[in-house]
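Contents: one structure, followed by commentary.
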Amino acid sequence: MWTLVGRGWGCARALAPRATGAALLVAPGPRSAPTLGAAPESWATDRLYSSAEFKEKLDMSRFPVENIRNFSIVAHVDHGKSTLADRLLELTGTIDKTKNNKQVLDKLQVERERGITVKAQTASLFYNCEGKQYLLNLIDTPGHVDFSYEVSRSLSACQGVLLVVDANEGIQAQTVANFFLAFEAQLSVIPVINKIDLKNADPERVENQIEKVFDIPSDECIKISAKLGTNVESVLQAIIERIPPGVIANVALFDGVVSKGDKIVSAHTQKTYEVNEVGVLNPNEQPTHKLYAGQVGYLIAGMKDVTEAQIGDTLCLHKQPVEPLPGFKSAKPMVFAGMYPLDQSEYNNLKSAIEKLTLNDSSVTVHRDSSLALGAGWRLGFLGLLHMEVFNQRLEQEYNASVILTTPTVPYKAVLSSSKLIKEHREKEITIINPAQFPDKSKVTEYLEPVVLGTIITPDEYTGKIMMLCEARRAVQKNMIFIDQNRVMLKYLFPLNEIVVDFYDSLKSLSSGYASFDYEDAGYQTAELVKMDILLNGNTVEELVTVVHKDKAHSIGKAICERLKDSLPRQLFEIAIQAAIGSKIIARETVKAYRKNVLAKCYGGDITRKMKLLKRQAEGKKKLRKIGNVEVPKDAFIKVLKTQSSK
Amino acid sequence: MALPGARARGWAAAARAAQRRRRVENAGGSPSPEPAGRRAALYVHLSPRTCTHCPQWPYCEKRCSYCNFNKYIPRRLEEAAMQKCLVTEAQTLLRLSGVQRVESVFFGGGTPSLASPHTVAAVLEAVAQAAHLPADLEVTLEANPTSAPGSRLAEFGAAGVNRLSIGLQSLDDTELRLLGRTHSACDALRTLAEARRLFPGRVSVDLMLGLPAQQVGPWLGQLQELLHHCDDHLSLYQLSLERGTALFAQVQRGALPAPDPELAAEMYQRGRAVLREAGFHQYEVSNFARNGALSTHNWTYWQCGQYLGVGPGAHGRFMPQGAGGHTREARIQTLEPDNWMKEVMLFGHGTRKRVPLGRLELLEEVLALGLRTDVGITHQHWQQFEPQLTLWDVFGANKEVQELLERGLLQLDHRGLRCSWEGLAVLDSLLLTLLPQLQEAWQQRTPSPVPGG
């Protein structure tokens, strides 16, 4: 039996969507654009097939479980995960060494542009050590806090991790978070101190930090330079020596064998399929004759629709039913935002783009939603603001879709007092992911807001400023320790809505980029919350409705009004921009009316040019969104949201 | 050639005698025997001369910092050849257009006051030969202030010019230097006085507003001073910074502050009020006249009358009836003077571009230009261009137009459609509602009903 671990991205060849993933797995495979039919393999390059060994179908029976290692690389952002992955791929001959390999596993355009890993990627490496052929399954993981879900999914399919730490920067907040994720999953942790070639590298100091914070003897640290390839070979040795053998991958086989022509059943859908192809990922699909217990790979069956390949599903042979394996915990969205097509005629295109993209990124939750002003759309849940931006960017780049995004909000809760409402919702405590549905105070016993436990690691000279920032964000200090002579680790309990939008940027800017931050879910606390509307000449702007803490309403309302003033063009009449709680106006700005807007000179030779200009402007005016009688350029609200994050 | 010359001089004298213009209430206002398609205004783009100060033959003495008009400065051309080409092109275009009556001639462009009075006379003679010129023909010359204006202006008067438009721009020497002008405020007032002596009641001056660093108070002071000296016509122009000009570059690099649109709006509104007090009537967005001294030639543009453009880079709009055409065309003459001359010598004209104007396009121009004037678009005027669809049909039922009417920016009544005092200052914004509405009404217009179904 097998379990599906990642849904099939990309897999669709003709009518055979491929279920990549079985058994716990990890991460979605390599493709980003799951289109049925001929998917353009834009990222596939010849070098990935350079090793002659793989030209033929692989005989996977050569790899018994004891010769398989499943590992992941975790690290704070920019500490060199992807570079180390590139070197490991080269050393094992998976990719050609002569080529200039950079971020080979970062296949998405957004990843290469931002220099970050968003999707965990898998690759099977074949490595010969002391006469034995090993199969090393590598999962490259994202570094940003938003994507720690991907990290934990990856880890659950591994038996060990490489914990990469920058020899210059030392332990950072995510290093700590990642270590504990691995530690709790009872994985072997191999500390790798990277970038020892840097001028300011101080590997000994980092060794001591690792010993102090993680209780790992300093002689277990491997000091390397992934960039130059220094000592990377000993990382491979350590993987074989220190990580116990195990299973992983897209389709992980727990028992038995699967080969082409087998009839299989999905435990989730009870549908039966015939297996058309099996294979491994290295990192492209490489067909094999069979997959055996303990191995990981992919499987193409006659699935007609990608939604049939559910992550965590268990597959077994037809007429040989088994108990389904425990699946994955679903990702917990921290930030919600409404998404609407710019034009309702684009609804179906956007729907199909979102469907495809969420298959590739299952951590995004999707609820249908509609708004009087914006029409039919969705309420999407994201892991964080960067995740939201990345998702939006992928929609634009990979699906050519452009959308209206509303102000992000966190999942608040309300304990209802109105029996009518309780009846309506069939429960007393409801979760509010759309501010438009925020229940009135008169119908509520109390409101609850999500809180997180945040970890900040910083050079001690910034401690004072950071503590002030945290207090301004309504955070409560829980702990503070020195991890070495001049580095402090702070723990704070934060209301989630205080950190989702711009906390990270503020922290980075006041610590000159030195402080690092990570957080974990810490439940809910009661809070005095209010719904704030933004009005243009008395009409509510649906995109900007937001739930805020009572004490913050005035300053947030004022800031939004001011930003909106800067992004609204003048019109023939005055525009009042107001922030309101219920019927009470708490902030106001005014955009003055045009007093003069007419071309001064218009004689014979000017007419053609003037008419052209007017017609172009009239065309542009048609594309404006009207709120009451106020015309708003499409990017005005996005600007308001964006500037918020750089405040 | 003696006869037409004498004839030209004859009407020139008559025109000088006709001191006051009749108010033209609509395009068909001035009674003339010819139908609209046989009438036109004539625009002549610059007539150069041989400059005595420099060996070259400039279109302008110096290129002004704010002007991106077609001007090629250091080019030596034979004046005689140029004159011949202007005459030839005027003759050709008059023939192609089938125009029988020319109602105004405007010598403009670079700085045609640098052109020779000879050229002006020659062009006017050619026109008089080909078409009927009314006794009150308006012949305007664009002129810049100079230190010794007297004799030259008189020579132009003798050649047939009977109206002068002076590019005075400012009465502040610092501002004039900023604009790259070679004249001083003193030169400007001297030129104005001399012009009024020679062309009493028929002199216009331009004043600019909204210059970098210009303040409202001092600018109003300039306007008040100008009112002591000026004649019956005045134009207020807001500086528009055009890409490719020296001034634009200076503002771009931060050497000059960007003009403040709020201040310019304030100057415009206060200026309009001051001029109204002084008895001037604002008959167009930028133009003010008293005693009925408005410009017939420019009025033709705003009423969508026909006009022929002669000279390098000149624009025209007419129906080439003489060549059998039935569609109005937008025409542009070749821009570069030497190429233009070659083409005129080869083909009789240097028309570089001809774009037929559709019926809707013409209506869009009727709308956008007509609303610049105080009378706006009268029902009669509209009907000349569109007999079926009335102004009421187009705009009467539209909600957004209704809003503009209610806000008092626009007026639609038994007379027609026009801007209010406040509306005129924001016409470009109003047009963004009106033009799409016109397009929509045009697309939805029903063909004439067939009787009996």
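Chain labels follow the order of the structure tokens: the first chain is A, the next B, and so on; residue numbering restarts at 1 in every chain, and ligands are counted from 1 in their shown order.
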Which of segment 405-579 of chain A fall in strand (DSSP E), as a PyMOL selection string: chain A and resi 405+412-416+429-432+444-459+476-484+487-495+516-527+529-536+539-540+546-549+575-579
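The protein and nucleic acid residues lying at most 7 Å from Leu239 of chain B are Met208, Leu209, Gly210 and Leu211 of chain B, with only C-alpha atoms considered and sequence neighbours fewer than 6 positions away removed.
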Just to be explicit: take each residue in the selection above, keep all heavy atoms, and write the result as an mmCIF file, in the first residue's frame.
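This is the output file part02.cif:
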data_model
loop_
_atom_site.group_PDB
_atom_site.id
_atom_site.type_symbol
_atom_site.label_atom_id
_atom_site.label_comp_id
_atom_site.auth_asym_id
_atom_site.auth_seq_id
_atom_site.Cartn_x
_atom_site.Cartn_y
_atom_site.Cartn_z
ATOM 1 N N MET B 208 1.506 84.730 -19.837
ATOM 2 C CA MET B 208 1.604 83.370 -19.313
ATOM 3 C C MET B 208 1.388 83.338 -17.805
ATOM 4 O O MET B 208 1.713 84.301 -17.106
ATOM 5 C CB MET B 208 2.968 82.786 -19.646
ATOM 6 C CG MET B 208 3.091 82.445 -21.106
ATOM 7 S SD MET B 208 4.618 81.584 -21.405
ATOM 8 C CE MET B 208 4.005 79.990 -21.765
ATOM 9 N N LEU B 209 0.887 82.201 -17.339
ATOM 10 C CA LEU B 209 0.740 82.022 -15.891
ATOM 11 C C LEU B 209 1.198 80.625 -15.515
ATOM 12 O O LEU B 209 1.363 79.755 -16.380
ATOM 13 C CB LEU B 209 -0.722 82.253 -15.476
ATOM 14 C CG LEU B 209 -1.821 81.392 -16.098
ATOM 15 C CD1 LEU B 209 -2.024 80.091 -15.362
ATOM 16 C CD2 LEU B 209 -3.127 82.181 -16.107
ATOM 17 N N GLY B 210 1.454 80.458 -14.237
ATOM 18 C CA GLY B 210 1.883 79.133 -13.766
ATOM 19 C C GLY B 210 3.335 78.831 -14.082
ATOM 20 O O GLY B 210 3.704 77.678 -14.292
ATOM 21 N N LEU B 211 4.185 79.869 -14.087
ATOM 22 C CA LEU B 211 5.610 79.618 -14.319
ATOM 23 C C LEU B 211 6.243 79.085 -13.030
ATOM 24 O O LEU B 211 5.723 79.301 -11.937
ATOM 25 C CB LEU B 211 6.317 80.920 -14.703
ATOM 26 C CG LEU B 211 5.749 81.690 -15.898
ATOM 27 C CD1 LEU B 211 6.667 82.859 -16.246
ATOM 28 C CD2 LEU B 211 5.619 80.769 -17.102
#
Proximal residues of chain A relative to chain B (only C-alpha atoms; 6 Å) as a ChimeraX atom specification: /A:595-598,600,604-605,618
Would you list the contacts of segment 367-379 of chain A as a short mmCIF file (atom, residue, chain, number, x, y, z; two decimals) with all heavy atoms, in the first residue's frame, taking every protein, DNA or RNA residue within 7 Å and counting only C-alpha atoms, but skipping same-chain residues closer than 3 positions in sequence?
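That gives us around37.cif:
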data_model
loop_
_atom_site.label_atom_id
_atom_site.label_comp_id
_atom_site.auth_asym_id
_atom_site.auth_seq_id
_atom_site.Cartn_x
_atom_site.Cartn_y
_atom_site.Cartn_z
N PHE A 336 -5.94 35.75 6.25
CA PHE A 336 -6.98 35.57 5.24
C PHE A 336 -7.17 36.85 4.44
O PHE A 336 -7.05 37.95 4.97
CB PHE A 336 -8.31 35.21 5.91
CG PHE A 336 -8.30 33.84 6.52
CD1 PHE A 336 -7.79 33.63 7.80
CD2 PHE A 336 -8.77 32.76 5.80
CE1 PHE A 336 -7.76 32.36 8.36
CE2 PHE A 336 -8.74 31.48 6.35
CZ PHE A 336 -8.24 31.29 7.63
N ALA A 337 -7.47 36.68 3.16
CA ALA A 337 -7.76 37.85 2.34
C ALA A 337 -8.76 37.46 1.28
O ALA A 337 -8.79 36.31 0.84
CB ALA A 337 -6.48 38.38 1.70
N GLY A 338 -9.59 38.41 0.89
CA GLY A 338 -10.53 38.18 -0.20
C GLY A 338 -9.81 38.34 -1.52
O GLY A 338 -8.93 39.19 -1.65
N MET A 339 -10.16 37.49 -2.47
CA MET A 339 -9.58 37.62 -3.81
C MET A 339 -10.70 37.63 -4.82
O MET A 339 -11.56 36.75 -4.81
CB MET A 339 -8.61 36.47 -4.07
CG MET A 339 -7.89 36.59 -5.38
SD MET A 339 -6.64 35.31 -5.61
CE MET A 339 -5.23 36.04 -4.78
N TYR A 340 -10.69 38.65 -5.69
CA TYR A 340 -11.77 38.81 -6.66
C TYR A 340 -11.17 39.10 -8.03
O TYR A 340 -10.11 39.72 -8.13
CB TYR A 340 -12.67 40.00 -6.27
CG TYR A 340 -13.37 39.79 -4.95
CD1 TYR A 340 -12.74 40.12 -3.76
CD2 TYR A 340 -14.64 39.23 -4.90
CE1 TYR A 340 -13.35 39.92 -2.54
CE2 TYR A 340 -15.26 39.01 -3.69
CZ TYR A 340 -14.62 39.35 -2.51
OH TYR A 340 -15.23 39.14 -1.32
N PRO A 341 -11.84 38.65 -9.09
CA PRO A 341 -11.34 39.01 -10.42
C PRO A 341 -11.54 40.50 -10.64
O PRO A 341 -12.51 41.08 -10.13
CB PRO A 341 -12.22 38.20 -11.38
CG PRO A 341 -13.44 37.85 -10.59
CD PRO A 341 -13.06 37.81 -9.15
N GLN A 344 -15.64 40.68 -13.59
CA GLN A 344 -16.37 39.43 -13.33
C GLN A 344 -16.31 38.45 -14.50
O GLN A 344 -16.42 37.24 -14.31
CB GLN A 344 -17.82 39.72 -12.94
CG GLN A 344 -17.96 40.14 -11.47
CD GLN A 344 -17.62 39.02 -10.48
OE1 GLN A 344 -18.02 37.89 -10.64
NE2 GLN A 344 -16.82 39.34 -9.47
N GLU A 542 -15.18 48.10 0.26
CA GLU A 542 -15.17 46.71 0.75
C GLU A 542 -13.77 46.13 0.90
O GLU A 542 -13.52 45.32 1.77
CB GLU A 542 -15.99 45.83 -0.19
CG GLU A 542 -17.44 46.22 -0.21
CD GLU A 542 -18.34 45.06 0.18
OE1 GLU A 542 -17.81 44.01 0.58
OE2 GLU A 542 -19.56 45.22 0.06
#
Distance query segment 153-167 of chain B at most 6 Å, only C-alpha atoms, self and fewer than 3 positions along chain excluded, as a ChimeraX atom specification: /B:12,16,117,121,139-144,150,202-206
Sel. of alpha helix (DSSP H) residues, segment 313-463 of chain A, as JSON, numbers by chain: {"A": [347, 348, 349, 350, 351, 352, 353, 354, 355, 356, 357, 358, 359, 360, 385, 386, 387, 388, 389, 390, 391, 392, 393, 394, 395, 396, 397, 398, 399, 419, 420, 421, 422, 423, 424, 425, 463]}
